[in-house]
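Worksheet: the structure to be examined is printed underneath.
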Amino acid sequence: KPPPAPDARNLAELYRAAKAEGQVIWFAPKPEAQMRPAIQAFEKKYPGISVKYTNKKAPDLVTQLNVEQAAGRVSFDVSNAGGLTVLPSLDMAAKVDWAGFRVPGDQIFDGNFVYVWAVPKVWAYNTDAVPASVVPRNWNGLLSPRWNGGKLTVESRGSFMTVWAQDRALGTDAGLDFAARLGRLHPHYTDNTTQAHTNISSGQTPIGTDLINLVLEDRAKGAPIAVAPVGPTNANKAYLFVPEGSPHPAAGRLLTAFLASPEGQAALVGSYNSIIPNDTDCSQAATNRVIGALCDAGVRWFSETDIRQYQQFADFFPQVEQALGTDVN
Amino acid sequence: MRTAVARRGSPSAHLETPTMQSGTRVATAAPPSPPDADRPHRRDRVRTGVNIAIGVLLAYLVLFPLGMLIYSSLKDSELKLPFQIPGFTLGNFTKIFSSPRVLEVALNSLIFVTGTVVVALVISVGLAYLFERTDLPGRRFLAPSTLAPMAVPATVMAVAWVLAANPANGPLAILIRRVSGLSVDIYSLPGMILVAGIFGVPSMYLMLAPTFARLNLEFEEAAATSGAGWLTRTRKVVLPLTLPGMSAAAMLLAVIALEEFAIPSILGTPDQIFVFSSLVQAALQPPSGLSDYGRASAYGVLLVLLSLVMIAVYRRQTRESHRFRVVGGKGYRSSPVRLGRWRYPVMTIVLLYVLVAIVIPILTLVWTSLTPYLQPISLDSLSGLSFANYGAIFANPSLTHAIVNTLVISLVTATLTAGLGLWLALASARGGRAGRALFDLSFLVFAVPSVVLGVAVLFLYLFLPIPVYGTIWIIVIALTTRYVPRASRMIQTSLLQLDGGLEEVGRVSGARRGTVLRRVVLPLAAPAVTRTWLWVFANALGELPIALLLSSSDNRTVVVLLWDMIGESANYPEASALAVLLLALSAGSVWWVNRRGFQQHM
Amino acid sequence: MIMQNLVAPDHAVTISGLEKRFTRRQSSEVSLAVDDVGFTVPRGSFFTLLGPSGCGKTTTLRCLAGLESADRGEISMNGKSVFSAQARRDVAPEDRPIAMVPQSYGIWPHMKVYDNAAFPLRYGRKTCSRAEARTRVHAMLDQVGLAEYADRWSTQLSGGQQQRLALARALLCEPEVLLLDEPLSNLDAKLRAQLRAELRSFQQKFGVTTLYVTHDQGEALAMSDTIVVMNRGRIEQIGSPAEIYDSPASRFVADFVGSANLVPGVVDGVRGADNVVEVKTSVGILRCGRSATPPAPPTAGREVHVCIRPEHVRVVTEVPAAGEPNRFPARITSTEYLGDRREVVVAVDDVSLRAHADAHLRAGPGDEVGVLLDPEWTVALWS
Amino acid sequence: MIMQNLVAPDHAVTISGLEKRFTRRQSSEVSLAVDDVGFTVPRGSFFTLLGPSGCGKTTTLRCLAGLESADRGEISMNGKSVFSAQARRDVAPEDRPIAMVPQSYGIWPHMKVYDNAAFPLRYGRKTCSRAEARTRVHAMLDQVGLAEYADRWSTQLSGGQQQRLALARALLCEPEVLLLDEPLSNLDAKLRAQLRAELRSFQQKFGVTTLYVTHDQGEALAMSDTIVVMNRGRIEQIGSPAEIYDSPASRFVADFVGSANLVPGVVDGVRGADNVVEVKTSVGILRCGRSATPPAPPTAGREVHVCIRPEHVRVVTEVPAAGEPNRFPARITSTEYLGDRREVVVAVDDVSLRAHADAHLRAGPGDEVGVLLDPEWTVALWS
Ligand SMILES: Nc1ncnc2c1ncn2[C@@H]1O[C@H](COP(=O)(O)OP(=O)(O)OP(=O)(O)O)[C@@H](O)[C@H]1O
Ligand SMILES: Nc1ncnc2c1ncn2[C@@H]1O[C@H](COP(=O)(O)OP(=O)(O)OP(=O)(O)O)[C@@H](O)[C@H]1O
Ligand SMILES: [Fe+3]
Ligand SMILES: [Mg+2]
Ligand SMILES: [Mg+2]
């Protein structure tokens with residue numbers, strides 16, 4: 001039987017309750033190594049609570065939570081949602097007064113979610129394969145016949161097109177037209193963006209969709225990869241939440257609040273995981289390498305600010321698939 | 001039924017029935033009998049009890065997931081769980097058949113599966129024949145080396161192939177283009193078939209090897225002296241006599257090809273070549289995360305129907321089991337066929353195969369594990385190699401735990417599966433009608449895709465008051481359910497080869513059925529059992545979908561870690577380092593089993 | 001229950017009304033491999049099943065061993081019923097006091113020679129200590145001439161060696177009833193004679209009842225206490241070797257056991273106190289000193305066959321005068337040298353007779369000779 | 001190449017210096033299964049390998065068939081070398097003009113009887129049309145008595161029927177050299193005689209050279225043109241049946257082929273033009289009308305064995321006067337009835353002699369009789 005929601009009103013009470021629980025189980029779609037600094041910072045700040053971390057893909061997390069809640073046997077305390085998994089996760093989150101635990105208001109989303117890091121989508125290119133002179137400068141540059149025939153790698157579910165549904169200036173109709181023209185270039189499709197990334201960094205395809213943190217990580221290891229100045233783009237937000245019926249509800253709340261706090265963010269930013277402004281804003285370019293990279297490349301970005309946008313994405317992607325010709329069913 | 005009982009192979013199958021036993025007891029108890037005269041019968045009863053218990057366990061393992069599958073397939077549960085929806089519907093099936101891609105996918109799947117089976121069958125029959133039946137030089141070393149990559153998950157293998165043979169910068173493709181001027185595209189149906197075929201060879205070889213090893217050489221010799229050349233006698237004598245083994249292996253590979261997702265996904269998606277497993281995957285792993293269990297289960301039901309067809313075919317082929325009795329008690333010999341002047345040419349071809357199919361992917365894997373970021377093999381980047389990835393994975397605090405979990409899961413699953421598979425195979429060969437029914441029943445989960453099976457097991461143990469959810473035991477249960485049908489077929493094919501006379505003579509010598517089983521049947525079936533064990537062990541090491549689905553914080557395995565590295569952070573180098581670890585584990589077990597399982601006289 | 005114990009206990013094996021059908025799957029055609037076979041084997045006797053290939057000998061033996069379930073009939077061993085089709089009783093092979101050498105040897109390819117032989121002592125009805133097993137197995141392997149092969153793989157034996165191994169294994173079972181299916185067919189005459197003698201002495205020493213299947217009439221005659229001659233699944237005659245050989249019950253037996261000259265004819269009359277039958281045949285009147293028990297008192301004119309064995313046909317170089325009883329002029333058709341004798345075929349009118357002549361007979365094909373059919377050994381057969 | 005064609009082409013098979021070792025894996029102990037075997041088989045002749053179980057007959061035949069590679073030696077068939085250890089030549093079995101009946105038959109369990117037999121006509125060296133194959137297979141199955149079994153599964157045959165099927169299959173190969181490994185061992189005497197005759201007539205009709213392995217001395221003597229007697233992998237004697245039987249070259253041959261009485265002694269002297277050897281033995285002086293070719297001219301005092309076959313030992317009821325040459329008083333030790341004769345063992349002093357007496361000899365164990373050893377058939381053996 002799951003323990004009842006804690007009646008703590010502030011962090012001190014919450015810490016007391018969490019300490020009684022002694023443990024917090026956190027599932028998120030990031031390698032453990034990237035989360036380790038934040039976990040250590042948490043354990044140092046709140047002794048007596050140990051963090052058990054598990055890396056699990058976002059869709060798998062929803063699946064597991066969905067089934068576990070139905071069975072009344074939730075096995076973890078902090079979960080993750082982002083992009084298309086946001087909508088199904090809404091009902092699974094416990095109701096929490098995050099403001100009471102000192103989470104800044106602009107990081108609270110739809111009441112129960114806490115914004116902890118962003119995953120900006122970008123276009124990247126292999127610097128060995130693409131001379132600087134021919135790097136596309138904008139979305140239309142991607143349609144150059146130069147990239148015809150498998151030179152351009154995109155993720156077949158169309159998530160790289162998110163910004164067309166987000167930015168009024170672009171618009172979904174134009175987006176579908178763009179997708180159809182892109183489809184005619186016979187891009188090298190992949191199942192997900194990480195695969196597209198490996199195609200680019202290994203030099204198999206010169207250019208394609210990517211995620212900024214992947215680009216930065218590999219670049220740091222010396223990979224010949226760089227962000228192309230194609231914008232605007234979508235900076236996908238990732239939220240943490242405490243599932244309804246979790247085994248350590250107080251500790252879950254405490255960890256989430258910590259990760260959203262400046263201390264938590266300071267520990268996360270080193271592995272390219274951090275919150276970024278909702279709109280293009282280069283003021284932190286020097287301290288935040290994600291923002292720095294976007295600003296250096298001159299890419300404008302938007303983040304989701306409204307729960308309705310997720311519904312728009314969910315409606316838009318199948319149309320993109322149709323336009324590309326990659327719909328499975 | 002009467003005739004089946006009277007046939008040579010099952011002379012007293014009906015002795016198991018209670019009526020016969022009581023009849024026997026009356027006959028022997030009447031005269032002043034020695035004090036222990038009815039002890040055997042108590043033992044018989046205990047054995048019957050144990051048999052029933054195992055039978056019930058197997059039926060439970062198979063029937064519950066199967067029931068779950070059918071139940072879910074009748075629920076229109078696009079965004080919910082099947083049991084959260086009232087009423088039943090055939091909507092999932094109509095949706096499947098009204099999909100605009102259904103024809104294209106069916107055709108692609110047919111080509112892909114057939115091609116894969118043909119490629120793997122040709123290669124593995126060739127290898128099994130050469131390694132087990134001939135005096136090919138170096139076979140002691142080559143045979144295990146073809147098996148080594150068995151535990152490497154398909155995803156990793158497919159990526160290794162992409163790195164080695166992609167048309168843009170894969171060294172293999174470049175080499176072929178330079179040498180022959182041909183440009184090979186691995187992102188095509190033939191490319192998928194080739195990779196999937198080669199990927200299937202170790203499993204198939206393992207199934208076929210015992211069948212070939214046991215074949216009495218005399219049958220081939222009789223054909224040779226009748227003037228039939230090598231090809232004719234192989235076609236007309238050797239292959240027909242190994243038919244059960246081959247059809248079981250072909251079936252196994254057909255379902256592996258049907259449900260294998262990684263290879264079609266990595267090699268098919270770029271050119272939008274969809275096969276059946278892509279559809280299952282799309283239903284089960286949509287980007288939103290909410291699986292359409294109903295539709296996935298409907299796909300599973302379709303595969304169960306397909307496996308019914310396979311049961312029928314397989315039963316037909318093995319019905320006259322006397323046709324495959326090639327291990328007899330007279331003039332049994334199995335000295336190797338001499339290749340003569342073909343020895344070295346054939347060895348060259350085999351070496352070439354091993355180089356292309358085994359060495360190059362493994363080399364790529366090892367290479368990747370030494371690089372900082374994913375890149376094809378090239379001399380230029382030689383200087384960038386380091387063991388940093390190994391350092392990183394061994395620094396990972398979850399690794400030790402995952403290795404222990406993986407070993408426990410693989411060892412227990414392999415042992416359990418080999419045991420149950422052996423029992424089931426014996427039941428089908430010697431256990432009369434009930435045994436055969438159970439054997440066929442187990443076949444129904446043969447083709448259920450592992451994700452679908454995993455979901456069924458997940459549902460089952462979330463709701464049953466059996467505390468296995470979240471532990472390694474739920475993975476053991478799911479994997480055992482999945483592998484028992486395959487294992488039992490591997491073993492059954494070698495039992496079919498045994499002449500009934502070998503057992504009969506043991507019983508006439510006064511040994512009980514159990515003793516004859518232990519001393520005669522089991523040693524003769526031992527190569528098949530150990531190879532089955534090895535196959536399950538290696539596959540359990542590398543099995544991904546079930547482990548992923550059922551993994552929680554406490555029961556994570558090495559492949560799950562590996563998947564994490566690929567999944568979000570695209571860290572293929574570290575993943576490759578883990579894959580090399582799996583490779584070492586499976587190569588070690590192959591070596592160990594070969595060392596133990598090899599019988600000098602055979 | 002009580003019934004079974006009434007079976008005379010001095011009969012080690014009693015079979016009655018045994019019938020075994022084989023149904024062919026596709027055509028569901030039924031063939032009778034064993035058809036109403038019944039006999040009793042006295043305790044301690046050497047009992048032989050003799051018959052042409054495919055007559056059902058092996059099937060009968062397998063039914064006895066419990067390896068095949070008969071469709072009809074009863075089998076009891078040592079007074080205990082072990083099989084009854086009616087009572088649906090079928091005792092398992094391991095519970096019958098038997099041992100067997102199957103026609104296909106049943107040598108286990110995964111064991112060494114020693115282990116094959118030691119099997120009954122390790123896992124059989126009467127097990128014994130390792131040390132004792134060791135001595136006994138070695139002694140037995142020595143007897144069958146396989147002592148030096150003990151730790152070879154059994155697949156490395158020659159055909160005859162495998163057969164001997166199967167024999168050794170069966171003997172080590174120390175059964176009460178020993179079932180042997182052509183256990184010596186692949187051995188040379190010397191070894192065969194030796195093993196035959198050993199088998200016989202073993203059999204007499206332990207009083208073990210032996211059922212012996214053979215295709216070899218000579219062996220059957222030399223070793224058996226009783227012979228059953230089978231044909232097409234049925235019993236043709238049961239009797240002692242001398243009875244079978246000298247007084248065959250039918251043409252089939254006469255012809256099958258040893259070679260026989262069969263001349264058709266009709267009864268001319270029965271003379272004298274010792275029932276000498278005179279038969280009118282195409283060569284003339286033949287006097288038969290013996291005859292099979294007739295189904296009805298023989299009357300003149302009844303059809304009959306006269307049987308005389310080659311060794312009772314004497315070939316003499318002087319041509320006899322016509323008309324003498326059982327003595328006819330003849331012409332040699334062919335001769336075959338057999339080492340110790342010469343087999344001669346002579347033609348008397350248009351009837352061919354086979355005779356055993358002296359190996360160094362001075363006559364060849366085409367020569368005119370005389371033949372004498374010894375009346376004492378000439379048999380009249382009614383069927 | 002030219003060398004090989006110089007081999008006399010009227011020899012269908014020539015073997016020289018053949019040697020085959022088996023190495024045991026664990027102990028790396030080497031045993032010689034065939035040791036320096038060499039012989040030539042004239043075209044069209046019927047050539048028999050005879051020897052005790054395990055002497056290497058099957059191994060020799062398998063080397064001939066190309067199923068086993070000899071370690072040393074040469075084999076040529078029809079003037080063409082098919083095997084040469086030195087030249088590392090080893091023609092594959094399917095390329096040798098042979099057919100074979102293996103000792104364990106090699107009947108394919110996955111085929112029906114008809115298909116087993118038809119295999120050589122479908123896939124062998126000389127194939128033929130379906131219709132012709134049909135007639136020929138049916139004719140052959142008819143000959144071996146399997147016509148009615150044609151569409152049975154071959155596993156449903158009895159032991160003897162399987163053997164006949166193997167024979168039919170080999171005959172349908174129409175080989176130039178036919179290799180038969182105990183092809184009749186599981187058949188009864190009647191069928192055996194019939195198939196033997198058919199084999200012989202087939203062999204003569206097609207002039208096919210036949211190498212026949214048998215353990216049966218009688219069969220070997222009756223059918224063969226030439227017999228090779230083997231022992232422990234070596235050849236003991238090669239010769240016609242009469243030579244082998246009447247003039248054995250060694251004690252082994254004398255004893256193995258037929259039964260022989262062997263009496264040790266020393267040469268007393270050589271008399272007369274026809275080299276009659278007189279041997280002093282413990283029963284007295286024995287006159288030997290025959291003798292094996294001696295390794296050196298025999299001198300008085302040389303050790304020798306006297307061999308006489310039972311059929312040349314005449315048992316007479318009247319006891320002879322002592323001192324007559326080759327004629328001694330004796331006492332019957334035992335008798336065995338064999339149908340057509342009686343085997344009698346008599347003791348002359350302390351030497352036992354085996355004799356074939358009349359089946360109805362009026363004397364039993366313990367009776368005093370006389371024995372006469374026919375000097376013409378008494379052989380002096382030097383080894
Ligand atoms: N499994 C079977 N199915 C159908 N028929 C069979 C089967 N086994 C034997 N038979 C037939 O039954 C008959 C008797 O066979 P059995 O083996 O008893 O003969 P046998 O007397 O032992 O002959 P042999 O001396 O050749 O071994 C044969 O005609 C044989 O073909
Ligand atoms: N594969 C083998 N490995 C080792 N020894 C073997 C092998 N095959 C045969 N032998 C031995 O070689 C010897 C000759 O065997 P072979 O089969 O030629 O005998 P054979 O004359 O045919 O005897 P039989 O009449 O009993 O069939 C035997 O002692 C046998 O044990
Ligand atoms: Fe014989
Ligand atoms: Mg038989
Ligand atoms: Mg042999």
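Following the order of the structure tokens, first chain is A, next is B, and so on, with residues numbered from 1 inside each chain and ligands from 1 in the order they appear.
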
Residues of chain D within 7 Å of chain B, counting only C-alpha atoms, as a VMD selection string
chain D and resid 65 67 93 to 95 98 to 100 104 106 108 to 110 120 123 to 125 155 170 173

Please save N, CA and C atoms of the selected residues as a CSV table (one decimal), in the first residue's frame.
chain,number,residue,atom,x,y,z
D,65,ALA,N,36.6,-49.9,-51.2
D,65,ALA,CA,35.5,-49.1,-51.6
D,65,ALA,C,35.9,-47.6,-51.6
D,67,LEU,N,36.2,-46.0,-48.7
D,67,LEU,CA,35.5,-45.5,-47.5
D,67,LEU,C,36.5,-45.2,-46.4
D,93,PRO,N,34.8,-42.8,-53.4
D,93,PRO,CA,34.0,-44.0,-53.6
D,93,PRO,C,33.1,-43.9,-54.8
D,94,GLU,N,32.5,-42.8,-55.0
D,94,GLU,CA,31.5,-42.7,-56.1
D,94,GLU,C,32.2,-42.7,-57.5
D,95,ASP,N,33.5,-42.5,-57.5
D,95,ASP,CA,34.2,-42.6,-58.8
D,95,ASP,C,34.8,-43.9,-59.0
D,98,ILE,N,32.2,-49.5,-58.4
D,98,ILE,CA,31.9,-50.5,-57.4
D,98,ILE,C,30.4,-50.5,-56.9
D,99,ALA,N,30.1,-51.5,-56.2
D,99,ALA,CA,28.8,-51.5,-55.4
D,99,ALA,C,29.1,-52.2,-54.2
D,100,MET,N,28.4,-52.0,-53.1
D,100,MET,CA,28.7,-52.6,-51.9
D,100,MET,C,27.5,-52.9,-51.0
D,104,SER,N,26.4,-53.7,-41.9
D,104,SER,CA,25.2,-53.3,-41.2
D,104,SER,C,24.2,-52.7,-42.2
D,106,GLY,N,23.2,-50.5,-44.1
D,106,GLY,CA,23.1,-49.1,-44.5
D,106,GLY,C,21.8,-48.8,-45.3
D,108,TRP,N,18.5,-46.8,-45.8
D,108,TRP,CA,18.1,-45.5,-45.4
D,108,TRP,C,16.7,-45.5,-44.7
D,109,PRO,N,16.6,-45.0,-43.5
D,109,PRO,CA,15.4,-45.1,-42.8
D,109,PRO,C,14.3,-44.1,-43.4
D,110,HIS,N,14.8,-43.1,-44.1
D,110,HIS,CA,13.8,-42.1,-44.6
D,110,HIS,C,13.2,-42.4,-45.9
D,120,PRO,N,20.4,-46.3,-56.8
D,120,PRO,CA,21.5,-46.3,-57.8
D,120,PRO,C,21.0,-46.0,-59.2
D,123,TYR,N,20.3,-42.0,-59.0
D,123,TYR,CA,21.4,-41.0,-58.7
D,123,TYR,C,22.8,-41.6,-58.8
D,124,GLY,N,22.8,-42.9,-59.3
D,124,GLY,CA,24.1,-43.6,-59.3
D,124,GLY,C,24.9,-43.3,-60.5
D,125,ARG,N,25.8,-44.2,-60.9
D,125,ARG,CA,26.7,-43.9,-62.0
D,125,ARG,C,26.0,-44.1,-63.3
D,155,THR,N,12.2,-49.2,-42.5
D,155,THR,CA,12.4,-49.6,-41.1
D,155,THR,C,11.4,-50.6,-40.7
D,170,ALA,N,22.6,-53.1,-54.1
D,170,ALA,CA,24.0,-53.2,-54.7
D,170,ALA,C,24.0,-53.8,-56.1
D,173,CYS,N,23.3,-51.5,-58.9
D,173,CYS,CA,24.3,-50.5,-59.3
D,173,CYS,C,25.0,-51.0,-60.6

Environment of ligand 1 within 9 Å, counting only C-alpha atoms and all ligand atoms, reported as a VMD selection string:
(chain B and resid 6 to 8) or (chain C and resid 20 to 24 30 to 34 49 to 62 103 181 to 182 213 to 215 230 to 233) or (chain D and resid 149 152 to 164 186 to 188)

With a cut-off of 8 Å and counting only C-alpha atoms, select all residues of chain B in contact with chain A and give the selection as JSON, numbers by chain.
{"B": [81, 99, 100, 101, 166, 168, 169, 265, 266, 269, 270, 271, 272, 274, 278, 279, 282, 285, 286, 287, 288, 289, 290, 291, 372, 373, 374, 375, 376, 396, 459, 462, 463, 549, 552, 553, 564, 565, 566, 567, 568, 569, 570]}

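Counting only C-alpha atoms, the residue from C:Asn78, C:Ser259, C:Gln237, C:Ser84 that sits nearest to Gly66 (chain C) is C:Ser84.
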
Considering only helix (DSSP H, G or I) as DSSP defines it on the backbone, what residues of region 241-373 of chain D qualify? List them as JSON, numbers by chain.
{"D": [241, 242, 243, 244, 245, 246, 251, 252, 253, 254, 255, 256, 310, 311, 312]}

Those same residues - all heavy atoms - I'd like them written as a short mmCIF file (atom, residue, chain, number, x, y, z; two decimals), in the first residue's frame.
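Result file is result04.cif:
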data_model
loop_
_atom_site.label_atom_id
_atom_site.label_comp_id
_atom_site.auth_asym_id
_atom_site.auth_seq_id
_atom_site.Cartn_x
_atom_site.Cartn_y
_atom_site.Cartn_z
N PRO D 241 39.23 -73.10 -53.65
CA PRO D 241 38.61 -73.80 -52.51
C PRO D 241 39.24 -75.15 -52.25
O PRO D 241 39.53 -75.49 -51.10
CB PRO D 241 37.16 -73.93 -52.96
CG PRO D 241 36.94 -72.78 -53.87
CD PRO D 241 38.24 -72.56 -54.58
N ALA D 242 39.51 -75.92 -53.32
CA ALA D 242 40.07 -77.26 -53.10
C ALA D 242 41.46 -77.17 -52.48
O ALA D 242 41.79 -77.93 -51.57
CB ALA D 242 40.11 -78.03 -54.41
N GLU D 243 42.25 -76.21 -52.97
CA GLU D 243 43.58 -76.04 -52.38
C GLU D 243 43.49 -75.69 -50.90
O GLU D 243 44.19 -76.27 -50.06
CB GLU D 243 44.33 -74.90 -53.09
CG GLU D 243 45.04 -75.31 -54.36
CD GLU D 243 45.40 -74.09 -55.21
OE1 GLU D 243 45.48 -72.97 -54.66
OE2 GLU D 243 45.57 -74.27 -56.42
N ILE D 244 42.62 -74.72 -50.62
CA ILE D 244 42.50 -74.28 -49.23
C ILE D 244 42.05 -75.43 -48.34
O ILE D 244 42.57 -75.64 -47.24
CB ILE D 244 41.47 -73.13 -49.14
CG1 ILE D 244 41.92 -71.92 -49.95
CG2 ILE D 244 41.18 -72.77 -47.69
CD1 ILE D 244 42.87 -71.01 -49.27
N TYR D 245 41.10 -76.18 -48.87
CA TYR D 245 40.52 -77.22 -48.02
C TYR D 245 41.43 -78.44 -47.94
O TYR D 245 41.69 -78.96 -46.85
CB TYR D 245 39.15 -77.64 -48.56
CG TYR D 245 38.38 -78.48 -47.59
CD1 TYR D 245 37.62 -77.88 -46.59
CD2 TYR D 245 38.43 -79.88 -47.63
CE1 TYR D 245 36.92 -78.64 -45.67
CE2 TYR D 245 37.75 -80.64 -46.71
CZ TYR D 245 36.98 -80.01 -45.73
OH TYR D 245 36.31 -80.77 -44.81
N ASP D 246 41.94 -78.85 -49.08
CA ASP D 246 42.68 -80.11 -49.08
C ASP D 246 44.15 -79.92 -48.76
O ASP D 246 44.80 -80.83 -48.25
CB ASP D 246 42.54 -80.81 -50.44
CG ASP D 246 41.13 -81.31 -50.67
OD1 ASP D 246 40.46 -81.61 -49.65
OD2 ASP D 246 40.68 -81.37 -51.83
N ARG D 251 48.55 -74.39 -39.95
CA ARG D 251 47.62 -74.94 -38.98
C ARG D 251 46.39 -74.06 -38.86
O ARG D 251 45.27 -74.53 -38.73
CB ARG D 251 48.30 -75.06 -37.61
CG ARG D 251 48.92 -76.40 -37.39
CD ARG D 251 49.58 -76.44 -36.04
NE ARG D 251 50.70 -75.52 -35.98
CZ ARG D 251 51.18 -75.02 -34.85
NH1 ARG D 251 50.66 -75.35 -33.69
NH2 ARG D 251 52.21 -74.19 -34.87
N PHE D 252 46.62 -72.72 -38.90
CA PHE D 252 45.47 -71.81 -38.76
C PHE D 252 44.44 -72.08 -39.84
O PHE D 252 43.25 -72.21 -39.57
CB PHE D 252 45.91 -70.35 -38.82
CG PHE D 252 44.74 -69.42 -38.84
CD1 PHE D 252 44.10 -69.09 -37.65
CD2 PHE D 252 44.23 -68.92 -40.04
CE1 PHE D 252 42.98 -68.28 -37.66
CE2 PHE D 252 43.12 -68.12 -40.05
CZ PHE D 252 42.50 -67.79 -38.85
N VAL D 253 44.91 -72.19 -41.09
CA VAL D 253 43.97 -72.41 -42.19
C VAL D 253 43.29 -73.76 -42.04
O VAL D 253 42.06 -73.88 -42.19
CB VAL D 253 44.68 -72.29 -43.56
CG1 VAL D 253 43.72 -72.58 -44.68
CG2 VAL D 253 45.29 -70.91 -43.71
N ALA D 254 44.07 -74.76 -41.74
CA ALA D 254 43.50 -76.10 -41.60
C ALA D 254 42.39 -76.09 -40.56
O ALA D 254 41.31 -76.63 -40.76
CB ALA D 254 44.60 -77.07 -41.19
N ASP D 255 42.67 -75.41 -39.47
CA ASP D 255 41.73 -75.41 -38.37
C ASP D 255 40.53 -74.54 -38.66
O ASP D 255 39.41 -74.85 -38.30
CB ASP D 255 42.46 -74.87 -37.13
CG ASP D 255 41.67 -75.13 -35.89
OD1 ASP D 255 41.15 -76.26 -35.75
OD2 ASP D 255 41.56 -74.21 -35.05
N PHE D 256 40.77 -73.41 -39.35
CA PHE D 256 39.70 -72.45 -39.56
C PHE D 256 38.73 -72.89 -40.66
O PHE D 256 37.52 -72.74 -40.54
CB PHE D 256 40.28 -71.07 -39.90
CG PHE D 256 39.23 -70.02 -39.97
CD1 PHE D 256 38.69 -69.52 -38.79
CD2 PHE D 256 38.74 -69.57 -41.17
CE1 PHE D 256 37.69 -68.57 -38.83
CE2 PHE D 256 37.75 -68.62 -41.22
CZ PHE D 256 37.22 -68.12 -40.05
N PRO D 310 37.98 -84.53 -40.39
CA PRO D 310 37.12 -85.56 -39.80
C PRO D 310 36.53 -86.52 -40.83
O PRO D 310 36.40 -87.71 -40.55
CB PRO D 310 36.01 -84.75 -39.13
CG PRO D 310 36.61 -83.42 -38.87
CD PRO D 310 37.62 -83.20 -39.97
N GLU D 311 36.20 -85.99 -42.02
CA GLU D 311 35.56 -86.90 -42.98
C GLU D 311 36.54 -87.91 -43.56
O GLU D 311 36.14 -88.86 -44.22
CB GLU D 311 34.85 -86.12 -44.10
CG GLU D 311 35.75 -85.30 -44.97
CD GLU D 311 35.96 -83.89 -44.45
OE1 GLU D 311 35.81 -83.70 -43.22
OE2 GLU D 311 36.27 -83.00 -45.24
N HIS D 312 37.80 -87.69 -43.32
CA HIS D 312 38.78 -88.69 -43.77
C HIS D 312 39.23 -89.60 -42.63
O HIS D 312 40.12 -90.40 -42.80
CB HIS D 312 39.98 -87.98 -44.40
CG HIS D 312 39.58 -87.18 -45.60
ND1 HIS D 312 39.82 -85.83 -45.72
CD2 HIS D 312 38.88 -87.53 -46.71
CE1 HIS D 312 39.32 -85.39 -46.84
NE2 HIS D 312 38.74 -86.40 -47.48
#

In region 60-173 of chain D, DSSP strand (DSSP E) residues written as a VMD selection string:
chain D and resid 72 to 77 80 to 84 89 to 90 98 to 101

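When only C-alpha atoms and all ligand atoms are used to measure the gap to ligand 3, the shortest distance among C:Gly284, C:Gly38, C:Pro183, C:Gly79 belongs to C:Pro183.
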
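In this model, the gap between CA of Gly170 (chain B) and CA of Ser183 (chain B) comes to 11.3 Å.
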
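Minimum atom-to-atom distances from B:Pro336, B:Met246, B:Ile70, B:Leu57 to ligand 2 were compared using only C-alpha atoms and all ligand atoms, and the lowest value belongs to B:Pro336.
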